[in-house]
$ cat data17.pdb   # PDB, C-alpha atoms
MODEL        1
ATOM      1  CA  MET A 261      42.051 181.728  91.898
ATOM      2  CA  GLU A 262      39.961 179.122  90.173
ATOM      3  CA  LEU A 263      40.838 175.450  90.509
ATOM      4  CA  LYS A 264      40.337 173.283  87.450
ATOM      5  CA  ILE A 265      40.795 169.508  87.553
ATOM      6  CA  GLN A 266      40.981 167.607  84.294
ATOM      7  CA  PRO A 267      42.359 164.342  82.902
ATOM      8  CA  ILE A 268      45.794 164.861  81.403
ATOM      9  CA  GLY A 269      47.832 162.823  78.947
ATOM     10  CA  ASN A 270      51.341 162.612  77.530
ATOM     11  CA  SER A 271      51.337 166.252  76.418
ATOM     12  CA  TYR A 272      51.566 167.144  80.141
ATOM     13  CA  SER A 273      54.376 164.691  80.962
ATOM     14  CA  GLU A 274      57.068 167.346  81.343
ATOM     15  CA  GLN A 275      54.959 169.465  83.684
ATOM     16  CA  ALA A 276      53.974 166.389  85.722
ATOM     17  CA  ILE A 277      57.610 165.240  85.967
ATOM     18  CA  ASP A 278      58.666 168.714  87.095
ATOM     19  CA  LEU A 279      55.936 168.884  89.756
ATOM     20  CA  ILE A 280      56.438 165.369  91.109
ATOM     21  CA  LEU A 281      60.244 165.087  91.081
ATOM     22  CA  ASN A 282      60.602 168.436  92.850
ATOM     23  CA  ILE A 283      58.355 167.271  95.677
ATOM     24  CA  GLN A 284      59.899 163.800  95.922
ATOM     25  CA  GLN A 285      63.555 164.772  95.696
ATOM     26  CA  LYS A 286      63.860 168.334  96.953
ATOM     27  CA  GLU A 287      61.127 168.525  99.553
ATOM     28  CA  PHE A 288      61.167 165.005 100.994
ATOM     29  CA  ASN A 289      64.634 163.748  99.968
ATOM     30  CA  ILE A 290      63.159 160.531  98.619
ATOM     31  CA  PRO A 291      65.861 158.778  96.570
ATOM     32  CA  ILE A 292      63.740 158.323  93.457
ATOM     33  CA  THR A 293      64.550 159.372  89.904
ATOM     34  CA  ILE A 294      62.636 159.817  86.673
ATOM     35  CA  GLN A 295      64.113 156.459  85.576
ATOM     36  CA  ASP A 296      62.230 154.862  88.491
ATOM     37  CA  GLN A 297      58.965 156.330  87.167
ATOM     38  CA  PRO A 298      58.640 155.527  83.440
ATOM     39  CA  ASP A 299      54.870 155.961  83.785
ATOM     40  CA  LEU A 300      55.295 159.752  83.868
ATOM     41  CA  ALA A 301      56.583 159.814  80.302
ATOM     42  CA  GLU A 302      53.818 157.442  79.125
ATOM     43  CA  ILE A 303      50.738 158.600  81.045
ATOM     44  CA  GLU A 304      48.247 157.419  78.437
ATOM     45  CA  HIS A 305      49.748 153.922  78.172
ATOM     46  CA  PHE A 306      50.259 153.326  81.903
ATOM     47  CA  TYR A 307      46.970 154.777  83.132
ATOM     48  CA  GLN A 308      44.288 155.547  80.562
ATOM     49  CA  GLU A 309      44.663 152.605  78.135
ATOM     50  CA  ARG A 310      44.351 150.191  81.051
ATOM     51  CA  GLY A 311      41.118 151.609  82.420
ATOM     52  CA  GLY A 312      42.538 154.094  84.913
ATOM     53  CA  ASN A 313      43.208 157.802  84.534
ATOM     54  CA  PHE A 314      45.581 160.638  85.448
ATOM     55  CA  TRP A 315      44.296 164.029  86.556
ATOM     56  CA  GLY A 316      45.956 167.389  86.900
ATOM     57  CA  ALA A 317      44.879 170.260  89.130
ATOM     58  CA  PHE A 318      45.420 173.640  87.512
ATOM     59  CA  ILE A 319      45.294 177.159  88.898
ATOM     60  CA  GLU A 320      45.507 179.845  86.234
ATOM     61  CA  GLY A 321      46.999 177.348  83.790
ATOM     62  CA  GLU A 322      49.721 176.123  86.163
ATOM     63  CA  LEU A 323      49.835 172.434  87.089
ATOM     64  CA  VAL A 324      49.775 172.494  90.910
ATOM     65  CA  GLY A 325      48.630 168.970  91.718
ATOM     66  CA  SER A 326      48.165 165.458  90.381
ATOM     67  CA  ILE A 327      46.532 162.132  91.156
ATOM     68  CA  ALA A 328      46.412 158.941  89.135
ATOM     69  CA  LEU A 329      44.536 155.661  89.165
ATOM     70  CA  VAL A 330      46.076 152.383  88.024
ATOM     71  CA  LYS A 331      43.378 149.819  87.342
ATOM     72  CA  PHE A 332      45.060 146.527  88.198
ATOM     73  CA  ASP A 333      42.091 144.200  88.520
ATOM     74  CA  GLU A 334      38.521 143.956  87.241
ATOM     75  CA  ARG A 335      37.157 145.974  90.183
ATOM     76  CA  ALA A 336      40.286 147.272  91.928
ATOM     77  CA  GLY A 337      42.596 150.231  91.491
ATOM     78  CA  ALA A 338      45.663 151.795  93.046
ATOM     79  CA  ILE A 339      46.118 155.505  93.740
ATOM     80  CA  ARG A 340      49.381 156.868  92.416
ATOM     81  CA  LYS A 341      51.100 160.211  91.928
ATOM     82  CA  MET A 342      49.091 162.134  94.530
ATOM     83  CA  PHE A 343      51.048 165.376  94.804
ATOM     84  CA  VAL A 344      50.207 169.001  95.484
ATOM     85  CA  LYS A 345      52.763 171.802  95.219
ATOM     86  CA  LYS A 346      53.758 172.993  98.690
ATOM     87  CA  GLU A 347      52.431 176.534  98.346
ATOM     88  CA  PHE A 348      49.009 175.196  97.274
ATOM     89  CA  ARG A 349      48.513 172.697 100.107
ATOM     90  CA  GLY A 350      46.146 173.034 103.004
ATOM     91  CA  LYS A 351      42.502 173.391 103.800
ATOM     92  CA  GLU A 352      42.027 176.835 102.207
ATOM     93  CA  GLN A 353      42.568 175.443  98.722
ATOM     94  CA  ASN A 354      41.544 171.838  99.440
ATOM     95  CA  ILE A 355      43.222 170.692  96.214
ATOM     96  CA  ALA A 356      44.166 167.221  97.497
ATOM     97  CA  GLN A 357      40.587 166.655  98.636
ATOM     98  CA  ALA A 358      39.202 167.781  95.275
ATOM     99  CA  LEU A 359      41.624 165.480  93.416
ATOM    100  CA  LEU A 360      40.690 162.498  95.590
ATOM    101  CA  GLU A 361      36.967 163.153  95.088
ATOM    102  CA  VAL A 362      37.399 163.236  91.296
ATOM    103  CA  LEU A 363      39.237 159.897  91.434
ATOM    104  CA  ILE A 364      36.605 158.286  93.702
ATOM    105  CA  SER A 365      33.792 159.516  91.411
ATOM    106  CA  PHE A 366      35.630 157.947  88.462
ATOM    107  CA  CYS A 367      35.857 154.668  90.412
ATOM    108  CA  ARG A 368      32.118 154.705  91.157
ATOM    109  CA  GLU A 369      31.290 155.386  87.497
ATOM    110  CA  ASN A 370      33.591 152.573  86.363
ATOM    111  CA  GLN A 371      32.623 149.906  88.917
ATOM    112  CA  ILE A 372      35.957 150.006  90.737
ATOM    113  CA  ASP A 373      35.005 148.974  94.287
ATOM    114  CA  ASP A 374      38.366 148.705  96.003
ATOM    115  CA  LEU A 375      41.067 151.346  96.151
ATOM    116  CA  TYR A 376      44.559 150.664  97.460
ATOM    117  CA  LEU A 377      47.643 152.794  97.843
ATOM    118  CA  GLY A 378      51.152 152.706  99.143
ATOM    119  CA  THR A 379      52.977 155.576 100.763
ATOM    120  CA  ILE A 380      56.165 156.245 102.681
ATOM    121  CA  THR A 381      56.727 156.596 106.420
ATOM    122  CA  VAL A 382      58.111 160.154 106.112
ATOM    123  CA  LEU A 383      54.923 161.393 104.419
ATOM    124  CA  LYS A 384      52.992 161.904 107.665
ATOM    125  CA  ALA A 385      50.575 164.488 106.273
ATOM    126  CA  ALA A 386      49.642 162.100 103.460
ATOM    127  CA  GLN A 387      48.860 159.362 105.982
ATOM    128  CA  ARG A 388      46.648 161.696 108.010
ATOM    129  CA  PHE A 389      44.900 162.810 104.817
ATOM    130  CA  TYR A 390      44.065 159.243 103.765
ATOM    131  CA  GLU A 391      42.931 158.305 107.270
ATOM    132  CA  ARG A 392      40.619 161.355 107.387
ATOM    133  CA  ASN A 393      39.161 160.053 104.122
ATOM    134  CA  HIS A 394      38.307 156.655 105.651
ATOM    135  CA  PHE A 395      41.219 154.701 104.200
ATOM    136  CA  VAL A 396      42.187 151.838 106.504
ATOM    137  CA  ARG A 397      45.824 150.943 107.036
ATOM    138  CA  ILE A 398      46.595 147.358 106.035
ATOM    139  CA  GLU A 399      49.615 145.084 106.171
ATOM    140  CA  LYS A 400      51.619 144.620 102.972
ATOM    141  CA  GLU A 401      50.682 140.926 103.064
ATOM    142  CA  LYS A 402      46.988 141.844 102.771
ATOM    143  CA  LEU A 403      47.449 143.628  99.427
ATOM    144  CA  PRO A 404      45.927 141.888  96.395
ATOM    145  CA  SER A 405      48.483 139.796  94.516
ATOM    146  CA  ARG A 406      48.227 142.025  91.428
ATOM    147  CA  PHE A 407      48.725 145.302  93.337
ATOM    148  CA  PRO A 408      51.537 147.216  91.559
ATOM    149  CA  LEU A 409      54.087 147.631  94.346
ATOM    150  CA  MET A 410      56.502 150.546  94.349
ATOM    151  CA  SER A 411      59.826 149.750  96.004
ATOM    152  CA  ALA A 412      59.863 152.874  98.198
ATOM    153  CA  ASP A 413      56.416 152.299  99.716
ATOM    154  CA  ASP A 414      56.259 150.868 103.214
ATOM    155  CA  ILE A 415      52.760 151.839 104.420
ATOM    156  CA  PHE A 416      49.589 150.650 102.700
ATOM    157  CA  TYR A 417      45.929 151.635 102.753
ATOM    158  CA  HIS A 418      42.614 150.286 101.457
ATOM    159  CA  LEU A 419      39.258 151.966 100.860
ATOM    160  CA  SER A 420      36.098 150.106  99.996
ATOM    161  CA  ILE A 421      33.875 152.193  97.692
ATOM    162  CA  HIS A 422      30.168 151.450  97.926
TER     163      HIS A 422
ENDMDL
END

$ encode --input "data17.pdb" --output "structure tokens"
Amino acid sequence: MELKIQPIGNSYSEQAIDLILNIQQKEFNIPITIQDQPDLAEIEHFYQERGGNFWGAFIEGELVGSIALVKFDERAGAIRKMFVKKEFRGKEQNIAQALLEVLISFCRENQIDDLYLGTITVLKAAQRFYERNHFVRIEKEKLPSRFPLMSADDIFYHLSIH
């Protein structure tokens, strides 16, 4: 099974919505709806036109993972929409790691030095993943003023890219 990671746009919105809502609502019972995430219907406007990007991970043509970067300051970005389908998670496939590496490479190429993200207490595996990748947990008060907060997030991380 060959993994292919590529930037995706609005033509993939439905697949991205399907992937992400299933994980949020069914797997983790997070009370979030598509109405709370208008960015998924307007990927190009929310991410790419503003200097960020949105990537999909595909195995045999199926969207199995996603990660997005919101550029919110001259040299700072926020990781969003980091999801991998349950049956494709884990070290064997390493899809999350591959997605994160693509995003960090993009940041280096585009002079984005600081990466931030918010996550949710129940997503323990996500927290361990970010910590393994040298993200440092920070207090909400330490986030840059322009960081795009999501209401559900209650744990925050920062990574300095140099």

$ resolve_selection --input "data17.pdb" --expression "the PyMOL selection byres ((chain A and resi 356) around 8)" --output "PyMOL selection string"
chain A and resi 325+342-344+349+354-355+357-360

$ closest_residue --input "data17.pdb" --among "A:Ala328, A:Arg310, A:Val362, A:Glu287" --to "Lys264 in chain A" --atoms "all atoms listed in the file"
A:Val362

$ resolve_selection --input "data17.pdb" --expression "the PyMOL selection byres ((chain A and resi 404-421) around 10)" --output "PyMOL selection string"
chain A and resi 290-292+296-297+330-333+336-340+364-365+367-368+371-383+387+390-391+393-403+422

$ atom_distance --input "data17.pdb" --atom1 "CA of Arg388 in chain A" --atom2 "CA of Ile280 in chain A"
19.9 Å

$ residues_near_point --input "data17.pdb" --point "(48.7, 163.5, 81.2)" --cutoff "10 Å" --atoms "all atoms listed in the file" --output "list in words"
Gln266, Pro267, Ile268, Gly269, Asn270, Ser271, Tyr272, Ser273, Glu274, Gln275, Ala276, Leu300, Ala301, Glu302, Ile303, Glu304, Tyr307, Gln308, Asn313, Phe314, Trp315, Gly316, Ser326 and Ala328 of chain A

$ write_last_selection --input "data17.pdb" --atoms "C-alpha atoms" --output "mmCIF file, in the coordinates of the input"
data_model
loop_
_atom_site.group_PDB
_atom_site.id
_atom_site.type_symbol
_atom_site.label_atom_id
_atom_site.label_comp_id
_atom_site.auth_asym_id
_atom_site.auth_seq_id
_atom_site.Cartn_x
_atom_site.Cartn_y
_atom_site.Cartn_z
ATOM 1 C CA GLN A 266 40.981 167.607 84.294
ATOM 2 C CA PRO A 267 42.359 164.342 82.902
ATOM 3 C CA ILE A 268 45.794 164.861 81.403
ATOM 4 C CA GLY A 269 47.832 162.823 78.947
ATOM 5 C CA ASN A 270 51.341 162.612 77.530
ATOM 6 C CA SER A 271 51.337 166.252 76.418
ATOM 7 C CA TYR A 272 51.566 167.144 80.141
ATOM 8 C CA SER A 273 54.376 164.691 80.962
ATOM 9 C CA GLU A 274 57.068 167.346 81.343
ATOM 10 C CA GLN A 275 54.959 169.465 83.684
ATOM 11 C CA ALA A 276 53.974 166.389 85.722
ATOM 12 C CA LEU A 300 55.295 159.752 83.868
ATOM 13 C CA ALA A 301 56.583 159.814 80.302
ATOM 14 C CA GLU A 302 53.818 157.442 79.125
ATOM 15 C CA ILE A 303 50.738 158.600 81.045
ATOM 16 C CA GLU A 304 48.247 157.419 78.437
ATOM 17 C CA TYR A 307 46.970 154.777 83.132
ATOM 18 C CA GLN A 308 44.288 155.547 80.562
ATOM 19 C CA ASN A 313 43.208 157.802 84.534
ATOM 20 C CA PHE A 314 45.581 160.638 85.448
ATOM 21 C CA TRP A 315 44.296 164.029 86.556
ATOM 22 C CA GLY A 316 45.956 167.389 86.900
ATOM 23 C CA SER A 326 48.165 165.458 90.381
ATOM 24 C CA ALA A 328 46.412 158.941 89.135
#

$ closest_residue --input "data17.pdb" --among "A:Phe306, A:Phe366, A:Phe288, A:Phe348" --to "Val324 in chain A" --atoms "all atoms listed in the file"
A:Phe348

$ atom_distance --input "data17.pdb" --atom1 "CA of Arg392 in chain A" --atom2 "CA of Ile283 in chain A"
22.1 Å

$ closest_residue --input "data17.pdb" --among "A:Leu263, A:Ile319, A:Leu279, A:Ala386" --to "Lys345 in chain A" --atoms "all atoms listed in the file"
A:Leu279

$ atom_distance --input "data17.pdb" --atom1 "CA of Leu329 in chain A" --atom2 "CA of Asp278 in chain A"
19.3 Å

$ axis_aligned_box --input "data17.pdb" --around "range 340-349 of chain A" --padding-each-side "3 Å" --output "JSON"
{"center_x": 51.1, "center_y": 166.7, "center_z": 96.0, "size_x": 11.2, "size_y": 25.7, "size_z": 14.2}

$ closest_residue --input "data17.pdb" --among "A:Leu363, A:Ile265, A:Ile277, A:Ile294" --to "Ala317 in chain A" --atoms "all atoms listed in the file"
A:Ile265
